[in-house]
$ cat protein.txt   # compact mmCIF, C-alpha atoms
# COMPACT_ATOMS: atom_id res chain seq x y z
CA PHE A 1 72.49 66.02 66.17
CA ARG A 2 75.09 67.21 68.64
CA VAL A 3 75.43 64.54 71.33
CA ALA A 4 77.40 64.61 74.59
CA THR A 5 77.71 61.79 77.14
CA LEU A 6 78.03 63.18 80.65
CA ASP A 7 79.11 61.96 84.06
CA ALA A 8 78.83 63.91 87.31
CA GLU A 9 79.56 63.47 91.01
CA GLU A 10 77.21 66.20 92.22
CA PRO A 11 74.04 67.77 90.77
CA GLY A 12 75.37 71.33 90.67
CA ALA A 13 78.23 70.35 88.36
CA LEU A 14 75.87 68.59 85.96
CA ALA A 15 73.44 71.51 85.95
CA GLY A 16 76.32 73.97 85.51
CA TRP A 17 77.62 72.15 82.43
CA LEU A 18 74.16 72.01 80.89
CA ARG A 19 73.56 75.73 81.44
CA ALA A 20 77.01 76.64 80.12
CA ASN A 21 76.25 74.72 76.94
CA GLY A 22 72.89 76.30 76.22
CA TYR A 23 70.48 73.94 77.96
CA ARG A 24 67.67 75.45 80.03
CA LEU A 25 67.07 74.03 83.49
CA SER A 26 64.55 75.10 86.07
CA PRO A 27 65.60 75.05 89.77
CA GLU A 28 63.10 72.19 90.28
CA LEU A 29 64.76 70.12 87.55
CA GLU A 30 68.22 70.66 89.02
CA LYS A 31 66.91 69.37 92.36
CA GLU A 32 65.34 66.29 90.74
CA LEU A 33 68.68 65.37 89.14
CA GLY A 34 70.12 64.72 92.61
CA PRO A 35 68.99 61.09 93.08
CA TYR A 36 70.27 60.10 89.63
CA VAL A 37 73.67 61.67 90.34
CA ARG A 38 73.93 59.86 93.68
CA GLN A 39 73.09 56.56 91.96
CA GLY A 40 75.92 57.06 89.44
CA TRP A 41 73.77 57.48 86.34
CA LYS A 42 75.21 58.73 83.05
CA TYR A 43 73.46 61.35 80.88
CA VAL A 44 73.08 61.89 77.16
CA ALA A 45 72.54 65.53 76.18
CA VAL A 46 71.25 66.01 72.64
CA LYS A 47 70.87 69.13 70.51
CA LEU A 48 69.36 69.47 67.08
CA ARG A 49 71.73 71.43 64.85
CA PRO A 50 70.21 72.13 61.42
CA LYS A 51 72.32 73.88 58.84
CA LEU A 52 71.70 77.60 58.56
CA GLU A 53 69.64 77.24 55.40
CA ASP A 54 67.58 74.32 56.78
CA THR A 55 64.50 74.27 58.97
CA LEU A 56 63.41 71.60 61.43
CA ASP A 57 60.71 69.72 59.57
CA GLY A 58 59.72 66.09 59.08
CA GLU A 59 60.79 62.94 60.91
CA LEU A 60 64.04 62.52 62.83
CA ALA A 61 66.31 59.51 62.58
CA PRO A 62 66.17 57.50 65.82
CA LEU A 63 69.02 57.61 68.32
CA LEU A 64 70.50 54.34 69.56
CA VAL A 65 71.69 54.56 73.17
CA GLN A 66 73.40 51.51 74.65
CA PHE A 67 74.52 50.91 78.24
CA ARG A 68 74.90 48.12 80.76
CA SER A 69 72.55 47.89 83.72
CA ASP A 70 71.70 45.40 86.44
CA GLU A 71 68.01 46.22 86.06
CA LEU A 72 65.55 47.29 83.41
CA VAL A 73 64.42 50.79 84.34
CA TYR A 74 62.66 53.62 82.53
CA PRO A 75 63.37 57.01 84.17
CA MET A 76 60.10 58.72 85.05
CA ARG A 77 60.85 60.87 88.11
CA LEU A 78 61.68 63.97 86.07
CA SER A 79 58.24 63.75 84.43
CA ARG A 80 56.55 64.70 87.69
CA LEU A 81 57.62 68.27 86.92
CA ALA A 82 55.38 68.27 83.83
CA LYS A 83 52.39 70.61 83.73
CA ASN A 84 50.17 68.32 81.65
CA PRO A 85 49.24 64.60 81.81
CA GLN A 86 51.85 62.31 80.28
CA SER A 87 51.63 59.11 78.24
CA LEU A 88 54.13 56.29 77.89
CA HIS A 89 54.33 53.52 75.28
CA LEU A 90 57.11 50.94 75.68
CA TYR A 91 58.21 48.03 73.50
CA VAL A 92 60.54 45.72 75.46
CA LEU A 93 62.50 43.09 73.53
CA SER A 94 64.07 40.49 75.77
CA GLU A 95 64.56 36.76 76.27
CA ASN A 96 61.50 36.88 78.52
CA ARG A 97 58.23 38.69 78.96
CA VAL A 98 58.57 41.49 81.51
CA LYS A 99 56.33 42.68 84.33
CA GLN A 100 56.32 46.05 86.03
CA THR A 101 57.68 46.04 89.58
CA THR A 102 57.68 49.75 90.53
CA GLY A 103 56.06 52.93 89.29
CA GLY A 104 52.64 53.40 87.70
CA ARG A 105 50.33 50.73 86.39
CA MET A 106 51.08 50.07 82.73
CA GLU A 107 48.72 47.91 80.69
CA VAL A 108 50.17 45.01 78.70
CA THR A 109 48.67 45.22 75.20
CA PHE A 110 50.81 42.51 73.56
CA ALA A 111 53.16 39.75 74.67
CA GLY A 112 54.67 37.15 72.36
CA HIS A 113 57.70 35.99 70.42
CA VAL A 114 58.74 37.91 67.32
CA THR A 115 61.12 36.76 64.60
CA ARG A 116 63.32 38.73 62.25
CA GLY A 117 60.99 37.94 59.35
CA GLN A 118 58.21 39.93 61.03
CA LEU A 119 60.26 43.12 61.35
CA ASP A 120 61.22 46.07 59.16
CA GLY A 121 64.73 47.49 59.31
CA ALA A 122 68.02 45.63 59.10
CA GLY A 123 69.22 46.95 62.47
CA LEU A 124 66.15 45.70 64.31
CA ARG A 125 66.27 42.33 62.56
CA ALA A 126 69.92 41.91 63.56
CA PHE A 127 69.11 42.83 67.16
CA VAL A 128 66.26 40.30 67.40
CA GLY A 129 68.30 37.48 65.87
CA ASP A 130 66.29 34.28 65.50
CA ARG A 131 63.60 35.54 67.89
CA LEU A 132 63.00 37.51 71.08
CA PHE A 133 60.01 38.04 73.33
CA LEU A 134 58.19 41.34 72.83
CA THR A 135 56.22 42.95 75.63
CA GLU A 136 54.22 46.05 74.69
CA LEU A 137 53.15 48.25 77.63
CA VAL A 138 50.98 51.37 77.55
CA ASP A 139 49.89 54.01 80.04
CA ARG A 140 47.86 56.64 78.20
CA HIS A 141 47.17 59.00 81.09
CA ILE A 142 49.79 59.62 83.78
CA ASP A 143 49.11 62.33 86.33
CA PRO A 144 52.53 63.98 86.95
CA GLY A 145 51.66 64.45 90.63
CA SER A 146 51.26 60.68 91.04
CA ILE A 147 54.81 59.83 89.91
CA GLU A 148 56.91 58.75 92.89
CA ASP A 149 59.57 56.53 91.32
CA ASP A 150 61.05 55.33 88.06
CA TYR A 151 59.34 52.47 86.23
CA ARG A 152 61.19 49.19 86.79
CA PHE A 153 60.60 45.84 85.14
CA ALA A 154 61.65 42.23 85.75
CA ALA A 155 61.47 38.99 83.79
CA THR A 156 58.39 36.82 84.16
CA ASP A 157 56.86 33.73 82.54
CA ASN A 158 56.56 33.84 78.75
CA VAL A 159 52.78 33.73 78.68
CA PRO A 160 51.59 35.15 75.32
CA TYR A 161 48.88 37.78 75.26
CA GLN A 162 47.11 39.58 72.45
CA GLN A 163 44.55 42.29 73.09
CA VAL A 164 41.14 41.55 71.58
CA VAL A 165 38.97 44.44 70.44
CA HIS A 166 35.24 43.80 70.01
CA ARG A 167 33.31 46.10 67.69
CA THR A 168 29.55 45.85 67.28
CA GLU A 169 28.07 46.86 63.94
CA ILE A 170 24.36 47.28 63.31
CA VAL A 171 23.09 45.22 60.39
CA ARG A 172 20.51 47.09 58.28
CA PHE A 173 17.79 45.57 56.15
CA LEU A 174 15.91 47.78 53.70
CA GLY A 175 17.56 50.82 55.33
CA MET A 176 16.34 49.94 58.83
CA PRO A 177 18.18 48.34 61.79
CA ALA A 178 17.42 44.65 61.48
CA GLY A 179 16.04 42.53 64.29
CA TRP A 180 13.59 39.72 63.74
CA LEU A 181 11.72 40.58 60.58
CA ILE A 182 8.37 39.15 59.70
CA VAL A 183 7.76 39.13 55.97
CA PHE A 184 4.37 38.33 54.52
CA GLY A 185 4.38 36.74 51.11
CA GLY A 186 2.01 35.06 48.79
CA THR A 187 2.88 31.64 50.19
CA GLY A 188 2.60 32.52 53.87
CA LEU A 189 4.64 33.86 56.75
CA VAL A 190 8.47 33.91 56.63
CA LEU A 191 10.62 34.59 59.73
CA ILE A 192 14.05 36.07 58.97
CA GLY A 193 16.74 36.26 61.63
CA ALA A 194 19.05 39.26 61.59
CA GLY A 195 20.74 41.48 64.13
CA ALA A 196 24.11 42.83 65.26
CA LEU A 197 27.40 41.61 63.84
CA VAL A 198 30.29 41.37 66.29
CA VAL A 199 33.79 41.62 64.80
CA SER A 200 36.88 40.68 66.85
CA ARG A 201 40.56 41.26 66.10
$ encode --input "protein.txt" --output "structure tokens"
Amino acid sequence: FRVATLDAEEPGALAGWLRANGYRLSPELEKELGPYVRQGWKYVAVKLRPKLEDTLDGELAPLLVQFRSDELVYPMRLSRLAKNPQSLHLYVLSENRVKQTTGGRMEVTFAGHVTRGQLDGAGLRAFVGDRLFLTELVDRHIDPGSIEDDYRFAATDNVPYQQVVHRTEIVRFLGMPAGWLIVFGGTGLVLIGAGALVVSR
């Protein structure tokens, strides 16, 4: 990686630096940077720089970006320039469960405390400490034209939640879907109950 941390007082200067250093910006993107510049945001510009004999293949090591903020916000406004529907999957580790206060409508798919013993990776275990509250939020289909603001979140009550998935499986008896089967035998009539099996997780 080649990483640069940037600060700017006006959008043209930020866009000029990015262009001068090989980043491609559309005029629409330069315009959308304006609100972030006025709010005093910082920027992390990242390039992949493989060695000449290497090719880009396989998984990338994650980047850790740390900064102080008075609010929990995920920047989404630039995504309204996208040509195709977007998806967003967030894992928020905090002292509290979080709720969305602005932006689209993300679905909470998990909420609960996690401990270091449940996690892989020494860095993540150290970050969690004894335990933190994990909120998992998903929006699988975001229409770029519907994005009006960034996604902001605030602390809420630590009510646990776990998504339950119901799956119905057909039970078969003698190769046929089983309902109520009447079996005639030498000793009389036998009624056998069978049907659908519902599995939850």
$ closest_residue --input "protein.txt" --among "A:Asp139, A:Glu32, A:Asn21, A:Thr5" --to "Gln66 in chain A" --atoms "all atoms listed in the file"
A:Thr5
$ residues_around --input "protein.txt" --residues "Glu107 in chain A" --least-positions-apart "4" --cutoff "12 Å" --atoms "all atoms listed in the file" --output "PyMOL selection string"
chain A and resi 87-91+98-100+111+135-141+161-163
$ write_last_selection --input "protein.txt" --atoms "C-alpha atoms" --output "PDB file, keeping the file's coordinate frame"
ATOM      1  CA  SER A  87      51.630  59.110  78.240  1.00  0.00           C
ATOM      2  CA  LEU A  88      54.130  56.290  77.890  1.00  0.00           C
ATOM      3  CA  HIS A  89      54.330  53.520  75.280  1.00  0.00           C
ATOM      4  CA  LEU A  90      57.110  50.940  75.680  1.00  0.00           C
ATOM      5  CA  TYR A  91      58.210  48.030  73.500  1.00  0.00           C
ATOM      6  CA  VAL A  98      58.570  41.490  81.510  1.00  0.00           C
ATOM      7  CA  LYS A  99      56.330  42.680  84.330  1.00  0.00           C
ATOM      8  CA  GLN A 100      56.320  46.050  86.030  1.00  0.00           C
ATOM      9  CA  ALA A 111      53.160  39.750  74.670  1.00  0.00           C
ATOM     10  CA  THR A 135      56.220  42.950  75.630  1.00  0.00           C
ATOM     11  CA  GLU A 136      54.220  46.050  74.690  1.00  0.00           C
ATOM     12  CA  LEU A 137      53.150  48.250  77.630  1.00  0.00           C
ATOM     13  CA  VAL A 138      50.980  51.370  77.550  1.00  0.00           C
ATOM     14  CA  ASP A 139      49.890  54.010  80.040  1.00  0.00           C
ATOM     15  CA  ARG A 140      47.860  56.640  78.200  1.00  0.00           C
ATOM     16  CA  HIS A 141      47.170  59.000  81.090  1.00  0.00           C
ATOM     17  CA  TYR A 161      48.880  37.780  75.260  1.00  0.00           C
ATOM     18  CA  GLN A 162      47.110  39.580  72.450  1.00  0.00           C
ATOM     19  CA  GLN A 163      44.550  42.290  73.090  1.00  0.00           C
TER      20      GLN A 163
END
$ atom_distance --input "protein.txt" --atom1 "CA of Asp70 in chain A" --atom2 "CA of Asn96 in chain A"
15.5 Å
$ closest_residue --input "protein.txt" --among "A:Leu132, A:His166, A:Arg105, A:Thr55" --to "Gly117 in chain A" --atoms "all atoms listed in the file"
A:Leu132
$ atom_distance --input "protein.txt" --atom1 "CA of Pro144 in chain A" --atom2 "CA of Gln86 in chain A"
6.9 Å
$ atom_distance --input "protein.txt" --atom1 "CA of Ser26 in chain A" --atom2 "CA of Phe1 in chain A"
23.3 Å
$ closest_residue --input "protein.txt" --among "A:Thr168, A:Ser94, A:Ser79, A:Thr109" --to "Phe133 in chain A" --atoms "all atoms listed in the file"
A:Ser94
$ axis_aligned_box --input "protein.txt" --around "range 93-110 of chain A" --padding-each-side "3 Å" --output "AutoDock Vina command-line options"
--center_x 56.6 --center_y 45.1 --center_z 82.0 --size_x 21.9 --size_y 22.6 --size_z 23.0
$ closest_residue --input "protein.txt" --among "A:Leu124, A:Ala15, A:Ile142, A:Val44" --to "Arg77 in chain A" --atoms "all atoms listed in the file"
A:Ile142
$ closest_residue --input "protein.txt" --among "A:Ala126, A:Leu14, A:Gly22, A:Gly112" --to "Asp157 in chain A" --atoms "all atoms listed in the file"
A:Gly112
$ residues_around --input "protein.txt" --residues "Leu63 in chain A" --least-positions-apart "4" --cutoff "12 Å" --atoms "all atoms listed in the file" --output "PDB file with C-alpha atoms, in the frame of the given file"
ATOM      1  CA  PHE A   1      72.490  66.020  66.170  1.00  0.00           C
ATOM      2  CA  ARG A   2      75.090  67.210  68.640  1.00  0.00           C
ATOM      3  CA  VAL A   3      75.430  64.540  71.330  1.00  0.00           C
ATOM      4  CA  VAL A  44      73.080  61.890  77.160  1.00  0.00           C
ATOM      5  CA  ALA A  45      72.540  65.530  76.180  1.00  0.00           C
ATOM      6  CA  VAL A  46      71.250  66.010  72.640  1.00  0.00           C
ATOM      7  CA  LYS A  47      70.870  69.130  70.510  1.00  0.00           C
ATOM      8  CA  LEU A  48      69.360  69.470  67.080  1.00  0.00           C
TER       9      LEU A  48
END
$ residues_around --input "protein.txt" --residues "Gly12 in chain A" --least-positions-apart "6" --cutoff "12 Å" --atoms "all atoms listed in the file" --output "NGL selection string"
:A and (18-20 or 25 or 27 or 29-34 or 37-38)
$ closest_residue --input "protein.txt" --among "A:Arg152, A:Arg80, A:Arg131, A:Arg68" --to "Met106 in chain A" --atoms "all atoms listed in the file"
A:Arg152
$ residues_around --input "protein.txt" --residues "Asp130 in chain A" --least-positions-apart "6" --cutoff "9 Å" --atoms "all atoms listed in the file" --output "PDB file with C-alpha atoms, keeping the file's coordinate frame"
ATOM      1  CA  VAL A 114      58.740  37.910  67.320  1.00  0.00           C
ATOM      2  CA  THR A 115      61.120  36.760  64.600  1.00  0.00           C
ATOM      3  CA  ARG A 116      63.320  38.730  62.250  1.00  0.00           C
ATOM      4  CA  GLY A 117      60.990  37.940  59.350  1.00  0.00           C
TER       5      GLY A 117
END
